[in-house]
Amino acid sequence: MPGDAIFCPLCGVDVAEVGRFRDDQVDVPETVAMSLSDDDLRPILARKRSQSSLDALRAELAYHALAGEQNDGFQLRALAGLPFVPRDYQVHAASRVLTSMHGRAILADEVGLGKTIEAGLVIRELIVRSRLQRALFLVPSSLVEQWREELEEKFDLKLATHETPRFWRKPFVLLSLTRSKMPQVARKLRRQKWQLVLVDEAHSLKNERTVAHQFVKSLGAERLLLLTATPIENDLKELYNLLSLVEPTAYLSFRRFSRDFLSSRYTVRNPRELRAFCARFLVRNRRADVFPEMPRRYPRLVAYEQSERESRFYERVLAFVRGLYARRIANARTADENPSATLLFLTLLLKESCSSPQAVVQSLENVVLPRTTQEEARHVRVLLREGRKMKRFGKMERFIHEVKELGDSAVAYVEFNATHEMLRRRLTEEGVLVHPYTGKMNATQKHESLLRFKREGGVLLSTEVGGQGLNLQHCHIVINYDLPWNPMRLEQRIGRVHRFGQERPIEILNFVGVGTYEVHVFDLLARKLDLFTQVVGEVEAILSFMEDDESIQQMVVRAICEASGDDDLQGRFSHIVGRVDKANTRYSKSTVATRQLLDGV
């Protein structure tokens with residue numbers, strides 16, 4: 001590499017003379033290795049988790065080579081092979097982590113700025129430079145699939161999950177933190193040598209006495225990435241605990257850390273000095289500095305009334321689901337029952353009962369009927385007869401009316417193929433230009449449908465497959481025909497149009513049936529989580545402060561299935577709201593504390 005020689009400050013060796021970028025290929029002169037004492041190498045040994053002094057020195061020389069390249073204009077080699085263009089601040093963050101931070105850092109950008117992208121750039125660069133063969137990703141349970149999809153689509157990383165046979169032996173493993181710290185799983189993971197460990201929503205590690213903190217610490221990874229927008233809640237020891245995971249040798253005790261920076265565990269004596277210290281191990285970007293202000297979102301509730309016949313069908317489906325839940329899950333009839341599988345198709349039926357009779361009929365025929373007892377099958381056949389008779393219903397008619405009144409392009413989301421087909425047919429009959437987008441279409445068909453939508457306008461009628469990966473900034477109207485019970489799914493849908501390049505305010509239409517449990521779900525998402533007006537990624541951050549690992553969708557399904565009536569259902573949703581409010585309060589407090597300390601605002 002052209003430029004001046006790069007000297008390791010520890011031993012004075014010209015790094016260019018001993019090798020570059022590969023720890024195991026750095027040839028260390030014997031005279032240099034022998035001249036260094038254990039005191040010289042102890043900090044490196046602790047940070048790198050190296051097995052010997054020579055290994056430690058090799059690692060240090062390789063890192064200084066990388067830092068030297070940064071001084072001469074460090075370039076991420078991985079950028080050329082990416083299917084997207086990351087933002088400048090994301091590239092800069094990855095460069096800092098790879099060079100001056102030695103691959104150990106807290107990524108603490110404000111929500112919505114792409115900490116996942118920054119981590120992905122670090123990982124991809126290490127792979128390109130042949131310095132990473134094994135990595136472990138630990139994320140919240142609700143985000144496992146989201147992480148898997150993003151790393152595969154954007155960085156071409158094939159990840160093993162808990163469903164993969166002998167997953168702990170695979171090179172790149174993605175697990176929920178909850179699962180990974182289970183004793184049997186933790187033992188298997190500790191036996192492996194992980195070159196990099198990543199933890200998302202890492203504020204869950206702020207208490208050093210928790211199993212999660214001790215587990216991550218015990219992995220002894222050479223590189224460690226902790227992702228959290230809120231590393232501080234109120235106790236400054238929590239910040240110290242995260243920093244000590246990233247750099248164990250910076251302060252050997254909280255007492256010394258406190259002596260230098262704090263007046264008490266809750267008060268900083270010199271914020272400027274502490275910010276400077278944290279900047280050595282922490283990357284922090286703010287929306288105000290790196291991202292233009294986005295147009296506002298304007299949600300609208302579109303309430304529809306069920307006919308007497310629809311209402312009767314809805315109530316019978318609900319009664320059937322509650323009965324099945326009581327027999328197969330709440331009371332667990334036999335050890336052979338598979339509660340997860342049963343809960344899955346019960347959730348399906350509940351959501352379909354507010355979507356269309358056609359969707360309910362399809363699931364009853366294909367999913368439920370083959371799994372029922374003889375007595376249950378009789379009830380299923382009654383529901384099938386009623387569902388097949390309903391060709392038109394309130395939600396569909398109100399949807400058609402609203403679409404015809406729009407006068408502009410819109411993307412409309414439905415969850416079920418049967419509902420999608422029925423709406424596509426009805427929109428076409430009404431003379432509305434409709435462009436389908438479903439998982440049943442191949443890549444060419446999807447691409448052509450998107451091109452027609454952008455060129456001709458009309459309605460892009462999409463199933464959940466269109467909730468990710470699409471750039472639809474030319475459109476500013478989102479219609480949630482089916483309201484997802486997973487807040488992240490809803491955020492992803494809105495994010496297709498509410499993204500960089502959007503110049504118009506975003507209109508969000510949400511269809512909710514009067515007298516159905518959709519009313520409670522909408523209230524939870526819109527009023528309590530304030531999802532429709534939050535910054536992108538903020539709901540995800542709030543939910544990470546929930547005290548247990550149960551998802552919003554799981555809470556909703558359990559509340560509906562276990563409620564004895566409308567009043568009981570209201571009470572159960574109030575309990576969910578209370579848990580969300582508590583998480584929101586903790587998140588808000590942590591956001592304020594983080595901004596005051598790290599941003600000085």
# chains A, B, ... in the order shown; residues from 1 in each chain; ligands from 1
>>> residues_around(residues="Leu262 of chain A", least_positions_apart="5", cutoff="12 Å", atoms="only C-alpha atoms", output="PyMOL selection string")
chain A and resi 235-237+239-240+254-257+267-274+597
>>> write_last_selection(atoms="N, CA, C and O atoms", output="compact mmCIF listing (two decimals), in the first residue's frame")
# COMPACT_ATOMS: atom_id res chain seq x y z
N ASP A 235 -29.57 4.37 35.75
CA ASP A 235 -28.41 4.02 36.56
C ASP A 235 -27.18 3.98 35.67
O ASP A 235 -27.10 3.18 34.72
N LEU A 236 -26.19 4.81 35.96
CA LEU A 236 -25.00 4.88 35.10
C LEU A 236 -24.13 3.64 35.19
O LEU A 236 -23.25 3.45 34.35
N LYS A 237 -24.36 2.81 36.17
CA LYS A 237 -23.64 1.55 36.20
C LYS A 237 -24.05 0.67 35.03
O LYS A 237 -23.29 -0.18 34.57
N LEU A 239 -24.55 1.69 31.98
CA LEU A 239 -23.66 2.07 30.88
C LEU A 239 -22.29 1.44 31.06
O LEU A 239 -21.70 0.91 30.11
N TYR A 240 -21.78 1.49 32.28
CA TYR A 240 -20.48 0.87 32.58
C TYR A 240 -20.50 -0.62 32.24
O TYR A 240 -19.53 -1.15 31.68
N PHE A 254 -16.07 -0.67 38.61
CA PHE A 254 -16.99 0.46 38.54
C PHE A 254 -16.55 1.56 39.49
O PHE A 254 -16.79 2.74 39.24
N ARG A 255 -15.88 1.20 40.57
CA ARG A 255 -15.40 2.20 41.53
C ARG A 255 -14.45 3.17 40.84
O ARG A 255 -14.54 4.39 41.03
N ARG A 256 -13.51 2.64 40.04
CA ARG A 256 -12.57 3.53 39.34
C ARG A 256 -13.29 4.37 38.28
O ARG A 256 -12.99 5.55 38.10
N PHE A 257 -14.23 3.73 37.56
CA PHE A 257 -15.03 4.45 36.57
C PHE A 257 -15.78 5.59 37.23
O PHE A 257 -15.81 6.73 36.75
N THR A 267 -25.64 10.45 38.69
CA THR A 267 -25.25 11.81 38.34
C THR A 267 -23.84 11.83 37.77
O THR A 267 -22.91 11.27 38.36
N VAL A 268 -23.71 12.47 36.60
CA VAL A 268 -22.40 12.61 35.95
C VAL A 268 -21.75 13.89 36.44
O VAL A 268 -22.36 14.96 36.46
N ARG A 269 -20.47 13.79 36.84
CA ARG A 269 -19.74 14.96 37.30
C ARG A 269 -19.26 15.81 36.12
O ARG A 269 -19.33 17.03 36.15
N ASN A 270 -18.75 15.14 35.08
CA ASN A 270 -18.23 15.86 33.93
C ASN A 270 -18.73 15.18 32.65
O ASN A 270 -18.08 14.28 32.12
N PRO A 271 -19.90 15.58 32.17
CA PRO A 271 -20.49 14.93 30.99
C PRO A 271 -19.58 14.95 29.76
O PRO A 271 -19.52 13.98 29.01
N ARG A 272 -18.86 16.05 29.56
CA ARG A 272 -18.01 16.15 28.36
C ARG A 272 -16.90 15.10 28.37
O ARG A 272 -16.64 14.45 27.36
N GLU A 273 -16.26 14.91 29.51
CA GLU A 273 -15.20 13.89 29.60
C GLU A 273 -15.76 12.49 29.43
O GLU A 273 -15.14 11.64 28.79
N LEU A 274 -16.94 12.25 30.01
CA LEU A 274 -17.54 10.92 29.87
C LEU A 274 -17.94 10.66 28.42
O LEU A 274 -17.75 9.55 27.91
N LEU A 597 -26.85 12.48 28.02
CA LEU A 597 -25.46 12.11 28.26
C LEU A 597 -24.64 12.06 26.98
O LEU A 597 -23.56 12.66 26.90
>>> select_by_dssp(residues="segment 164-345 of chain A", states="alpha helix (DSSP H)", output="ChimeraX atom specification")
/A:177-180,183-190,211-218,236-246,254-261,271-278,287-290,308-325,339-345
>>> write_last_selection(atoms="C-alpha atoms", output="mmCIF file, in the first residue's frame")
data_model
loop_
_atom_site.group_PDB
_atom_site.id
_atom_site.type_symbol
_atom_site.label_atom_id
_atom_site.label_comp_id
_atom_site.auth_asym_id
_atom_site.auth_seq_id
_atom_site.Cartn_x
_atom_site.Cartn_y
_atom_site.Cartn_z
ATOM 1 C CA LEU A 177 -31.176 -14.293 23.148
ATOM 2 C CA THR A 178 -33.877 -16.010 25.205
ATOM 3 C CA ARG A 179 -33.221 -19.361 23.550
ATOM 4 C CA SER A 180 -29.432 -19.033 23.508
ATOM 5 C CA PRO A 183 -28.631 -24.018 29.892
ATOM 6 C CA GLN A 184 -28.538 -26.805 27.301
ATOM 7 C CA VAL A 185 -28.146 -24.406 24.361
ATOM 8 C CA ALA A 186 -25.704 -22.153 26.216
ATOM 9 C CA ARG A 187 -23.375 -25.077 26.958
ATOM 10 C CA LYS A 188 -23.198 -25.976 23.264
ATOM 11 C CA LEU A 189 -22.560 -22.387 22.217
ATOM 12 C CA ARG A 190 -19.826 -21.854 24.804
ATOM 13 C CA VAL A 211 -28.032 -14.669 32.990
ATOM 14 C CA ALA A 212 -28.000 -12.873 29.624
ATOM 15 C CA HIS A 213 -25.067 -10.611 30.558
ATOM 16 C CA GLN A 214 -23.047 -13.447 32.040
ATOM 17 C CA PHE A 215 -23.766 -15.662 29.034
ATOM 18 C CA VAL A 216 -22.565 -13.098 26.470
ATOM 19 C CA LYS A 217 -19.491 -12.383 28.584
ATOM 20 C CA SER A 218 -18.690 -16.103 28.826
ATOM 21 C CA LEU A 236 -25.003 4.881 35.099
ATOM 22 C CA LYS A 237 -23.637 1.551 36.200
ATOM 23 C CA GLU A 238 -25.757 0.117 33.376
ATOM 24 C CA LEU A 239 -23.663 2.073 30.878
ATOM 25 C CA TYR A 240 -20.479 0.871 32.576
ATOM 26 C CA ASN A 241 -21.674 -2.745 32.313
ATOM 27 C CA LEU A 242 -22.140 -2.427 28.547
ATOM 28 C CA LEU A 243 -18.808 -0.665 28.091
ATOM 29 C CA SER A 244 -17.040 -3.334 30.151
ATOM 30 C CA LEU A 245 -18.384 -6.038 27.845
ATOM 31 C CA VAL A 246 -16.936 -4.227 24.831
ATOM 32 C CA PHE A 254 -16.991 0.457 38.539
ATOM 33 C CA ARG A 255 -15.397 2.197 41.525
ATOM 34 C CA ARG A 256 -12.572 3.526 39.342
ATOM 35 C CA PHE A 257 -15.026 4.450 36.568
ATOM 36 C CA SER A 258 -17.180 6.296 39.104
ATOM 37 C CA ARG A 259 -14.179 8.055 40.619
ATOM 38 C CA ASP A 260 -13.247 9.554 37.246
ATOM 39 C CA PHE A 261 -16.668 10.489 35.878
ATOM 40 C CA PRO A 271 -20.486 14.926 30.985
ATOM 41 C CA ARG A 272 -18.010 16.151 28.362
ATOM 42 C CA GLU A 273 -15.203 13.894 29.602
ATOM 43 C CA LEU A 274 -17.539 10.915 29.865
ATOM 44 C CA ARG A 275 -18.825 11.504 26.321
ATOM 45 C CA ALA A 276 -15.228 11.605 25.070
ATOM 46 C CA PHE A 277 -14.473 8.346 26.864
ATOM 47 C CA CYS A 278 -17.604 6.629 25.502
ATOM 48 C CA ARG A 287 -31.482 11.768 12.855
ATOM 49 C CA ALA A 288 -31.156 15.547 13.039
ATOM 50 C CA ASP A 289 -27.541 15.303 11.834
ATOM 51 C CA VAL A 290 -27.743 12.679 9.090
ATOM 52 C CA GLU A 308 -76.629 -9.634 10.855
ATOM 53 C CA ARG A 309 -75.534 -12.668 8.847
ATOM 54 C CA GLU A 310 -71.865 -11.646 8.926
ATOM 55 C CA SER A 311 -72.014 -10.982 12.649
ATOM 56 C CA ARG A 312 -73.519 -14.410 13.297
ATOM 57 C CA PHE A 313 -70.788 -16.103 11.247
ATOM 58 C CA TYR A 314 -68.084 -14.091 13.054
ATOM 59 C CA GLU A 315 -69.478 -15.077 16.472
ATOM 60 C CA ARG A 316 -69.671 -18.768 15.530
ATOM 61 C CA VAL A 317 -66.082 -18.814 14.285
ATOM 62 C CA LEU A 318 -65.012 -17.108 17.500
ATOM 63 C CA ALA A 319 -66.910 -19.642 19.645
ATOM 64 C CA PHE A 320 -65.352 -22.527 17.692
ATOM 65 C CA VAL A 321 -61.835 -21.116 18.155
ATOM 66 C CA ARG A 322 -62.333 -20.564 21.885
ATOM 67 C CA GLY A 323 -63.634 -24.095 22.328
ATOM 68 C CA LEU A 324 -60.689 -25.558 20.437
ATOM 69 C CA TYR A 325 -58.268 -23.433 22.464
ATOM 70 C CA PRO A 339 -49.732 -26.474 21.202
ATOM 71 C CA SER A 340 -47.663 -24.393 18.781
ATOM 72 C CA ALA A 341 -49.276 -25.928 15.684
ATOM 73 C CA THR A 342 -52.753 -25.647 17.201
ATOM 74 C CA LEU A 343 -52.204 -22.034 18.207
ATOM 75 C CA LEU A 344 -50.978 -21.254 14.707
ATOM 76 C CA PHE A 345 -54.160 -22.296 12.935
#
>>> closest_residue(among="A:Tyr266, A:Phe522, A:Tyr89, A:Phe500", to="Pro292 of chain A", atoms="only C-alpha atoms")
A:Phe500
>>> closest_residue(among="A:Lys158, A:Lys193, A:Arg286, A:Arg493", to="Ala229 of chain A", atoms="only C-alpha atoms")
A:Arg286
>>> residues_around(residues="Leu524 of chain A", least_positions_apart="6", cutoff="12 Å", atoms="only C-alpha atoms", output="PyMOL selection string")
chain A and resi 483-487+517-518+530-532+539+552-553+555-556+570+572-581
>>> closest_residue(among="A:Lys404, A:Leu174, A:Arg558, A:Pro370", to="Leu346 of chain A", atoms="only C-alpha atoms")
A:Arg558
>>> residues_around(residues="His476 of chain A", least_positions_apart="6", cutoff="12 Å", atoms="only C-alpha atoms", output="list of chain:residue names")
A:Pro295, A:Arg296, A:Arg297, A:Tyr298, A:Pro299, A:Leu406, A:Asp408, A:Ser409, A:Ala410, A:Val411, A:Ala412, A:Gly457, A:Val459, A:Arg493, A:Ile494, A:Gly495, A:Arg496, A:Val497, A:His498, A:Arg499, A:Gly501, A:Gln502, A:Glu503, A:Arg504, A:Pro505, A:Ile506, A:Glu507, A:Ile508, A:Leu509
>>> atom_distance(atom1="atom CA of Met101 of chain A", atom2="atom CA of Arg280 of chain A")
7.0 Å
>>> residues_around(residues="Ala541 of chain A", least_positions_apart="5", cutoff="10 Å", atoms="only C-alpha atoms", output="ChimeraX atom specification")
/A:110-112,201,228-230,536,546,583-584,587
>>> select_by_dssp(residues="segment 159-317 of chain A", states="strand (DSSP E)", output="PyMOL selection string")
chain A and resi 172-176+196-200+223-227+262-264+267-268+282-283+297-304
>>> write_last_selection(atoms="C-alpha atoms", output="compact mmCIF listing (two decimals), in the first residue's frame")
# COMPACT_ATOMS: atom_id res chain seq x y z
CA PHE A 172 -23.17 -18.25 11.06
CA VAL A 173 -25.89 -18.78 13.65
CA LEU A 174 -28.93 -16.59 14.39
CA LEU A 175 -30.82 -17.21 17.65
CA SER A 176 -33.06 -15.36 20.04
CA LEU A 196 -17.73 -12.34 16.37
CA VAL A 197 -20.84 -12.08 18.53
CA LEU A 198 -23.61 -9.57 17.82
CA VAL A 199 -26.38 -8.69 20.28
CA ASP A 200 -29.36 -6.61 19.17
CA ARG A 223 -15.15 -9.15 18.27
CA LEU A 224 -18.36 -7.97 19.90
CA LEU A 225 -21.08 -5.71 18.49
CA LEU A 226 -23.79 -4.44 20.85
CA LEU A 227 -26.71 -2.66 19.18
CA LEU A 262 -19.53 10.34 38.39
CA SER A 263 -20.85 12.13 41.44
CA SER A 264 -23.18 9.21 42.12
CA THR A 267 -25.25 11.81 38.34
CA VAL A 268 -22.40 12.61 35.95
CA LEU A 282 -19.49 3.77 20.98
CA VAL A 283 -20.85 4.96 17.60
CA ARG A 297 -48.12 10.40 8.68
CA TYR A 298 -51.89 10.79 8.88
CA PRO A 299 -53.76 7.64 9.94
CA ARG A 300 -57.49 7.31 9.34
CA LEU A 301 -59.87 4.80 10.88
CA VAL A 302 -62.37 3.37 8.40
CA ALA A 303 -65.07 1.67 10.46
CA TYR A 304 -67.47 -0.74 8.79
>>> closest_residue(among="A:Gln358, A:Thr463, A:Thr419, A:Gln146", to="Met488 of chain A", atoms="only C-alpha atoms")
A:Gln146
>>> atom_distance(atom1="atom CA of His420 of chain A", atom2="atom CA of Arg455 of chain A")
22.1 Å
>>> atom_distance(atom1="atom CA of Lys391 of chain A", atom2="atom CA of Gly565 of chain A")
28.7 Å
>>> residues_around(residues="Gln192 of chain A", least_positions_apart="2", cutoff="10 Å", atoms="only C-alpha atoms", output="list in words")
Arg134, Leu136, Trp168, Arg169, Lys170, Arg187, Lys188, Leu189, Arg190, Trp194, Gln195, Leu219, Gly220 and Ala221 of chain A
>>> residues_around(residues="Ala359 of chain A", least_positions_apart="3", cutoff="10 Å", atoms="only C-alpha atoms", output="PyMOL selection string")
chain A and resi 348-349+351-356+362-364+387+415-422
